[in-house]
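Participant: There's a structure below that I have some questions on.
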Amino acid sequence: MASHLNASDFSYLLNEHEQIVTGILRSEPLFEAIKTLTHPLSNLNDQIFVGNEAKKSQQFVETNLRLFMAKTNELQSEYITKTDSYAARLKEHYREYFTHLDNLAKSLVEEIQNSTALLGSGFASAGSSAFEWPSFFSSKKKKIKSAQEEVSKRYRAFQKAYETNPYFDVEFAPCKDGENIPRTTENLVHFRTVLGQWYGNSDNLVQEEVMRLNSKTAHPSLDVKEQITTLEFSLDTLIEELNESGLYQRPLENKTLTIPQRQKYLESIMEQLESTQLNMRDFKPFHDWQSNWLGLGGLGQKVVRALVKVKPGDWVAAFESWYFNSLLAKAQSPALPEGSEQIEQFNDAWHQLKPLIFNQLTKLWQDKQSTEIKALKKKNKQAWQLIFDKSGHITAETLPLSKVLEHSFEAVTAYLPILFVTPHVALNELPEGKGYFDYVIFDEANKFSVESATAIAPMGQKLVIMGSNDSYGNETSLLQYALENGVPSAVISNRYEPPTPTSGLIKENLDFPKHRASYQVDNVEGRFHELEGTNDTEAQHIIRLLNQIKQTPQRIYPSVGIITFTVEQRDLIANYLLKLKQQNVLGSEKSSNWSETAWEYST
């Protein structure tokens, strides 16, 4: 309750307490009939449920539903019909545009070809730099000139037809308004190619035009602006009528611009009406609930909403527990009682309460354990025997832990509510499940992979991620991933700092009392790989330390002993040394002495 209610909202007066408790007692049985605070009928106007009988209110809602469902269906049909009609007309307009321009260009090309066939190469090169007037026959010269002028005239008419409605861009090479016959021919051929490509994409163009259709963007060649304006006005009128009817609490408001967007908004209104009509079957119990809900007031609604989310077994007991605790917290004083009588009363009350608290906790856990065991025995007797019956312990010893816990883990958590395990155990031994624990805590999350965390996380209802945001660990660690994705975080200032490398002196040495031995402790941030039995960070650090060894005054390297806790770690370091020798890297001459290394294995 504390996470859903604010103690400062309450005045803690007797009248307030009585009103809230009365509202809770009325609300709990009514809520059981609808079981949700977000019922589809919740968007109906509050006035429908205030001071009206359920039957009269139901008649009002049903009458308006029939009226507006008929109007919206009719308007939707009109939107679809006019939108489809506009698309068909625009497509036909583009087809006519294509045919007209293509015929103009095609006929002009054919005329040039015919004139070339009649007049020869002289006409074909007319107007270009390669053109020469034939000197042998003046009548042919006149014919070429006449044909050239005719082509120029028709070319100018063709260009004008295109420039009247330039639905696409095309570049024309300079051709002296059609007098340069070779360039004119190239322009016409190029134009027909671009025109064909544009028309091939005309279906997409029509769709784009329809998607941005409104009274201002309607194609001027189709003369449909008035129809589109009427269509827009019809939706605005319908919304105004629906708001004035008082059917819904929140007024509808259209902010869309295009016809398709308006149609989608209209269809959302239709879905809202259809949802209301479908859920009218619950009107009677919802009317009772909503009438009560509106009568609770703001504070009462907050309390009931919190109870619905928390889902306690006893609504009144849960509220009063929080309410009286908040009252005591508000009235508490740090000052000690002044009189000895008050101190004695407090002492007596505390000693009477203290054993009851522990007894109550013990009883709660015993009840939980008993309930879980009974449920497991009833559901899966074989799984119950493996853990809770002596006869099954022998069989359990032969099975992997994951198999033993597979069907009984929920009951086990009633006895072991807190588990401290490694990622490997969590992934491979604990069964997969949803919300076994209240919290899953990832320690050293800066060294924890997101993939492993994703597999483990479902075991808890909430997650806590802890780690050091330093340079160690993987860039894709769980901690880094959480920080990058805005997970709420807090910095812990008082934390344990790992020891820095230090050096000291051993005060006494029994074998060599006149000598003092020095030692150095290096702390490295590595992670032990349980399956492989190695710590790679630690192994590499040892190699670096070996590289720092210097020769003695006698120009020889000292013997070095390396102690590891696993055979696998020993082998890993040995492999690194072998690779250095094989690669003959700088300093590898030291490896001849390393071969004398003494290895010890300890468990």
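Residues are referred to by chain and number: the chain letter is A, B, ... according to the order shown in the structure tokens, the number counts from 1 in that chain, and ligands are numbered separately from 1 in the order shown.
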Could you give me the residues within range 290-502 of chain A that DSSP places in strand (DSSP E), as an NGL selection string?
Facilitator: :A and (437-442 or 460-465 or 502)
Participant: Would you mind reading off the distance between CA of Lys176 in chain A and CA of Ser125 in chain A, one decimal, in Å?
Facilitator: 13.3 Å
Participant: Can you pull out every residue within 12 Å of Lys264 in chain A, counting only C-alpha atoms, but drop anything in the same chain fewer than 5 positions away, and send it as a ChimeraX atom specification?
Facilitator: /A:72,75-76,79-80,211,235,254-259,269-271
Participant: Asn52 in chain A: which residues within 12 Å, counting only C-alpha atoms, same-chain residues fewer than 5 positions away excluded, as a list of chain:residue names?
Facilitator: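 Counting only C-alpha atoms, the residues come to A:Asp46, A:Gln47, A:Ser57, A:Gln58, A:Gln59, A:Phe60, A:His287, A:Asp288, A:Gln290, A:Ser291.
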Participant: Name the closest residue to Phe172 in chain A among the candidates A:Glu186, A:Asp84, A:Glu96, A:Asp348; distances are taken between atoms, counting only C-alpha atoms.
Facilitator: A:Glu186
Participant: Work out how far CA of Gln360 in chain A is from CA of Val421 in chain A, in Å to one decimal.
Facilitator: 29.3 Å
Participant: Running DSSP on the backbone, which parts of range 57-242 of chain A land in alpha helix (DSSP H), as a PyMOL selection string?
Facilitator: chain A and resi 57-119+121-124+138-164+181-200+202-211+225-242
Participant: Need the shell around Gly23 in chain A: protein/DNA/RNA residues with any atom at most 12 Å away, counting only C-alpha atoms. Skip same-chain ones fewer than 3 positions apart. Format as a PDB file with N, CA, C and O atoms, in the first residue's frame?
Facilitator:
```
ATOM      1  N   GLU A  16     -12.921  10.907   8.265  1.00  0.00           N
ATOM      2  CA  GLU A  16     -12.250  10.458   7.037  1.00  0.00           C
ATOM      3  C   GLU A  16     -12.109   8.939   7.051  1.00  0.00           C
ATOM      4  O   GLU A  16     -12.384   8.265   6.045  1.00  0.00           O
ATOM      5  N   HIS A  17     -11.687   8.387   8.159  1.00  0.00           N
ATOM      6  CA  HIS A  17     -11.509   6.943   8.275  1.00  0.00           C
ATOM      7  C   HIS A  17     -12.816   6.205   8.046  1.00  0.00           C
ATOM      8  O   HIS A  17     -12.877   5.202   7.307  1.00  0.00           O
ATOM      9  N   GLU A  18     -13.881   6.691   8.645  1.00  0.00           N
ATOM     10  CA  GLU A  18     -15.179   6.018   8.498  1.00  0.00           C
ATOM     11  C   GLU A  18     -15.670   6.057   7.057  1.00  0.00           C
ATOM     12  O   GLU A  18     -16.197   5.063   6.541  1.00  0.00           O
ATOM     13  N   GLN A  19     -15.501   7.202   6.381  1.00  0.00           N
ATOM     14  CA  GLN A  19     -15.949   7.310   4.991  1.00  0.00           C
ATOM     15  C   GLN A  19     -15.168   6.361   4.081  1.00  0.00           C
ATOM     16  O   GLN A  19     -15.754   5.693   3.214  1.00  0.00           O
ATOM     17  N   ILE A  20     -13.859   6.299   4.274  1.00  0.00           N
ATOM     18  CA  ILE A  20     -13.052   5.431   3.414  1.00  0.00           C
ATOM     19  C   ILE A  20     -13.387   3.967   3.654  1.00  0.00           C
ATOM     20  O   ILE A  20     -13.549   3.186   2.698  1.00  0.00           O
ATOM     21  N   ARG A  26     -18.316  -1.206   0.454  1.00  0.00           N
ATOM     22  CA  ARG A  26     -19.238  -1.211  -0.687  1.00  0.00           C
ATOM     23  C   ARG A  26     -18.533  -1.660  -1.963  1.00  0.00           C
ATOM     24  O   ARG A  26     -19.123  -2.347  -2.800  1.00  0.00           O
ATOM     25  N   SER A  27     -17.285  -1.259  -2.111  1.00  0.00           N
ATOM     26  CA  SER A  27     -16.586  -1.449  -3.386  1.00  0.00           C
ATOM     27  C   SER A  27     -16.123  -2.880  -3.613  1.00  0.00           C
ATOM     28  O   SER A  27     -16.150  -3.363  -4.755  1.00  0.00           O
ATOM     29  N   GLU A  28     -15.684  -3.556  -2.543  1.00  0.00           N
ATOM     30  CA  GLU A  28     -15.081  -4.884  -2.731  1.00  0.00           C
ATOM     31  C   GLU A  28     -16.016  -5.870  -3.421  1.00  0.00           C
ATOM     32  O   GLU A  28     -15.627  -6.501  -4.422  1.00  0.00           O
ATOM     33  N   PRO A  29     -17.275  -6.060  -2.981  1.00  0.00           N
ATOM     34  CA  PRO A  29     -18.149  -7.020  -3.686  1.00  0.00           C
ATOM     35  C   PRO A  29     -18.528  -6.543  -5.089  1.00  0.00           C
ATOM     36  O   PRO A  29     -18.692  -7.369  -5.990  1.00  0.00           O
ATOM     37  N   LEU A  30     -18.664  -5.218  -5.278  1.00  0.00           N
ATOM     38  CA  LEU A  30     -18.998  -4.709  -6.610  1.00  0.00           C
ATOM     39  C   LEU A  30     -17.856  -4.934  -7.588  1.00  0.00           C
ATOM     40  O   LEU A  30     -18.084  -5.219  -8.770  1.00  0.00           O
ATOM     41  N   PHE A  31     -16.617  -4.804  -7.089  1.00  0.00           N
ATOM     42  CA  PHE A  31     -15.465  -5.000  -7.971  1.00  0.00           C
ATOM     43  C   PHE A  31     -15.350  -6.455  -8.410  1.00  0.00           C
ATOM     44  O   PHE A  31     -14.886  -6.735  -9.523  1.00  0.00           O
ATOM     45  N   TRP A 289     -21.114  -0.613 -10.199  1.00  0.00           N
ATOM     46  CA  TRP A 289     -19.742  -0.311  -9.811  1.00  0.00           C
ATOM     47  C   TRP A 289     -19.397   1.153 -10.070  1.00  0.00           C
ATOM     48  O   TRP A 289     -18.841   1.830  -9.204  1.00  0.00           O
ATOM     49  N   SER A 291     -21.324   3.792 -10.450  1.00  0.00           N
ATOM     50  CA  SER A 291     -22.055   4.710  -9.575  1.00  0.00           C
ATOM     51  C   SER A 291     -21.370   4.797  -8.216  1.00  0.00           C
ATOM     52  O   SER A 291     -21.221   5.878  -7.640  1.00  0.00           O
ATOM     53  N   ASN A 292     -20.951   3.627  -7.715  1.00  0.00           N
ATOM     54  CA  ASN A 292     -20.240   3.604  -6.431  1.00  0.00           C
ATOM     55  C   ASN A 292     -18.875   4.281  -6.569  1.00  0.00           C
ATOM     56  O   ASN A 292     -18.455   5.045  -5.696  1.00  0.00           O
ATOM     57  N   TRP A 293     -18.161   4.000  -7.645  1.00  0.00           N
ATOM     58  CA  TRP A 293     -16.820   4.549  -7.868  1.00  0.00           C
ATOM     59  C   TRP A 293     -16.839   6.071  -7.889  1.00  0.00           C
ATOM     60  O   TRP A 293     -16.012   6.730  -7.262  1.00  0.00           O
ATOM     61  N   LEU A 294     -17.799   6.641  -8.612  1.00  0.00           N
ATOM     62  CA  LEU A 294     -17.892   8.100  -8.704  1.00  0.00           C
ATOM     63  C   LEU A 294     -18.259   8.722  -7.368  1.00  0.00           C
ATOM     64  O   LEU A 294     -17.939   9.884  -7.099  1.00  0.00           O
ATOM     65  N   GLY A 295     -18.954   7.947  -6.505  1.00  0.00           N
ATOM     66  CA  GLY A 295     -19.337   8.459  -5.194  1.00  0.00           C
ATOM     67  C   GLY A 295     -18.235   8.365  -4.156  1.00  0.00           C
ATOM     68  O   GLY A 295     -18.373   8.904  -3.057  1.00  0.00           O
ATOM     69  N   LEU A 296     -17.127   7.682  -4.496  1.00  0.00           N
ATOM     70  CA  LEU A 296     -16.033   7.536  -3.528  1.00  0.00           C
ATOM     71  C   LEU A 296     -15.256   8.829  -3.323  1.00  0.00           C
ATOM     72  O   LEU A 296     -14.683   9.046  -2.259  1.00  0.00           O
ATOM     73  N   GLY A 297     -15.227   9.669  -4.338  1.00  0.00           N
ATOM     74  CA  GLY A 297     -14.397  10.869  -4.252  1.00  0.00           C
ATOM     75  C   GLY A 297     -12.955  10.545  -4.601  1.00  0.00           C
ATOM     76  O   GLY A 297     -12.555   9.377  -4.715  1.00  0.00           O
ATOM     77  N   GLY A 298     -12.144  11.578  -4.749  1.00  0.00           N
ATOM     78  CA  GLY A 298     -10.763  11.382  -5.174  1.00  0.00           C
ATOM     79  C   GLY A 298      -9.943  10.542  -4.233  1.00  0.00           C
ATOM     80  O   GLY A 298      -9.209   9.632  -4.652  1.00  0.00           O
ATOM     81  N   LEU A 299     -10.062  10.793  -2.916  1.00  0.00           N
ATOM     82  CA  LEU A 299      -9.255  10.055  -1.943  1.00  0.00           C
ATOM     83  C   LEU A 299      -9.699   8.602  -1.851  1.00  0.00           C
ATOM     84  O   LEU A 299      -8.882   7.689  -1.793  1.00  0.00           O
ATOM     85  N   GLY A 300     -11.002   8.381  -1.850  1.00  0.00           N
ATOM     86  CA  GLY A 300     -11.518   7.016  -1.804  1.00  0.00           C
ATOM     87  C   GLY A 300     -11.115   6.221  -3.037  1.00  0.00           C
ATOM     88  O   GLY A 300     -10.799   5.030  -2.957  1.00  0.00           O
ATOM     89  N   GLN A 301     -11.119   6.880  -4.198  1.00  0.00           N
ATOM     90  CA  GLN A 301     -10.699   6.202  -5.429  1.00  0.00           C
ATOM     91  C   GLN A 301      -9.229   5.802  -5.371  1.00  0.00           C
ATOM     92  O   GLN A 301      -8.852   4.732  -5.830  1.00  0.00           O
ATOM     93  N   LYS A 302      -8.394   6.669  -4.803  1.00  0.00           N
ATOM     94  CA  LYS A 302      -6.973   6.327  -4.662  1.00  0.00           C
ATOM     95  C   LYS A 302      -6.794   5.079  -3.797  1.00  0.00           C
ATOM     96  O   LYS A 302      -5.991   4.201  -4.125  1.00  0.00           O
ATOM     97  N   VAL A 303      -7.552   5.013  -2.704  1.00  0.00           N
ATOM     98  CA  VAL A 303      -7.431   3.864  -1.805  1.00  0.00           C
ATOM     99  C   VAL A 303      -7.884   2.587  -2.498  1.00  0.00           C
ATOM    100  O   VAL A 303      -7.196   1.557  -2.458  1.00  0.00           O
ATOM    101  N   VAL A 304      -9.036   2.632  -3.154  1.00  0.00           N
ATOM    102  CA  VAL A 304      -9.561   1.435  -3.827  1.00  0.00           C
ATOM    103  C   VAL A 304      -8.637   1.014  -4.963  1.00  0.00           C
ATOM    104  O   VAL A 304      -8.389  -0.185  -5.176  1.00  0.00           O
ATOM    105  N   ARG A 305      -8.115   1.988  -5.695  1.00  0.00           N
ATOM    106  CA  ARG A 305      -7.189   1.658  -6.789  1.00  0.00           C
ATOM    107  C   ARG A 305      -5.939   0.959  -6.240  1.00  0.00           C
ATOM    108  O   ARG A 305      -5.438  -0.006  -6.828  1.00  0.00           O
ATOM    109  N   TRP A 315      -9.512  -6.382   2.266  1.00  0.00           N
ATOM    110  CA  TRP A 315      -9.309  -4.993   1.846  1.00  0.00           C
ATOM    111  C   TRP A 315      -9.274  -4.044   3.042  1.00  0.00           C
ATOM    112  O   TRP A 315      -8.381  -3.200   3.139  1.00  0.00           O
ATOM    113  N   VAL A 316     -10.225  -4.178   3.946  1.00  0.00           N
ATOM    114  CA  VAL A 316     -10.309  -3.258   5.080  1.00  0.00           C
ATOM    115  C   VAL A 316      -9.097  -3.419   5.995  1.00  0.00           C
ATOM    116  O   VAL A 316      -8.494  -2.425   6.425  1.00  0.00           O
ATOM    117  N   PHE A 319      -6.008  -1.819   4.373  1.00  0.00           N
ATOM    118  CA  PHE A 319      -6.024  -0.359   4.427  1.00  0.00           C
ATOM    119  C   PHE A 319      -5.761   0.149   5.837  1.00  0.00           C
ATOM    120  O   PHE A 319      -4.952   1.050   6.046  1.00  0.00           O
TER     121      PHE A 319
END
```
Participant: What lies within 8 Å of Asn469 in chain A using only C-alpha atoms, ignoring chain neighbours under 3 positions off, as a PyMOL selection string?
Facilitator: chain A and resi 446+479-480
Participant: Take the selection from the previous step and output its residues with N, CA, C and O atoms, as a compact mmCIF listing (two decimals), in the first residue's frame.
Facilitator:
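Once written, selection-v4.txt looks like this:
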```txt
# COMPACT_ATOMS: atom_id res chain seq x y z
N ASN A 446 29.39 -5.67 -13.28
CA ASN A 446 30.30 -5.17 -14.31
C ASN A 446 31.09 -6.30 -14.96
O ASN A 446 31.73 -6.10 -15.99
N LEU A 479 26.07 -4.36 -16.09
CA LEU A 479 26.05 -3.03 -15.48
C LEU A 479 26.07 -1.94 -16.54
O LEU A 479 25.30 -0.98 -16.48
N GLN A 480 26.96 -2.08 -17.53
CA GLN A 480 27.05 -1.07 -18.59
C GLN A 480 25.76 -1.02 -19.40
O GLN A 480 25.28 0.05 -19.76
```
Participant: In terms of the shortest atom-to-atom distance over only C-alpha atoms, which of A:Gln207, A:Asn165, A:Gln272, A:Asn180 is closest to Leu90 in chain A?
Facilitator: A:Gln207
Participant: Using only C-alpha atoms, can you tell me which of A:Leu44, A:Leu327, A:Met280, A:Ala157 comes closest to Ser8 in chain A?
Facilitator: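 That would be A:Leu327, the residue with the smallest distance to Ser8 in chain A.
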Participant: So that I can see what lies close to Asn73 in chain A, please list as a short mmCIF file (atom, residue, chain, number, x, y, z; two decimals) with N, CA and C atoms, in the first residue's frame the residues with an atom at most 9 Å from it, counting only C-alpha atoms and leaving out residues fewer than 5 positions away in the same chain.
Facilitator:
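around29.cif written:
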```
data_model
loop_
_atom_site.label_atom_id
_atom_site.label_comp_id
_atom_site.auth_asym_id
_atom_site.auth_seq_id
_atom_site.Cartn_x
_atom_site.Cartn_y
_atom_site.Cartn_z
N PHE A 68 -25.38 6.57 -33.84
CA PHE A 68 -24.05 6.96 -34.32
C PHE A 68 -23.34 5.84 -35.07
N GLU A 78 -19.03 6.48 -47.62
CA GLU A 78 -18.83 7.64 -48.48
C GLU A 78 -17.35 7.94 -48.65
N GLU A 267 -12.69 5.44 -38.43
CA GLU A 267 -12.76 4.01 -38.12
C GLU A 267 -12.40 3.74 -36.66
N MET A 270 -15.54 4.28 -34.88
CA MET A 270 -16.40 3.11 -35.08
C MET A 270 -15.99 1.97 -34.16
#
```
Participant: Would you compute the distance between CA of Val170 in chain A and CA of Val194 in chain A? Give it in Å to one decimal.
Facilitator: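 Atom-to-atom, CA of Val170 in chain A and CA of Val194 in chain A are spaced 7.0 Å apart.
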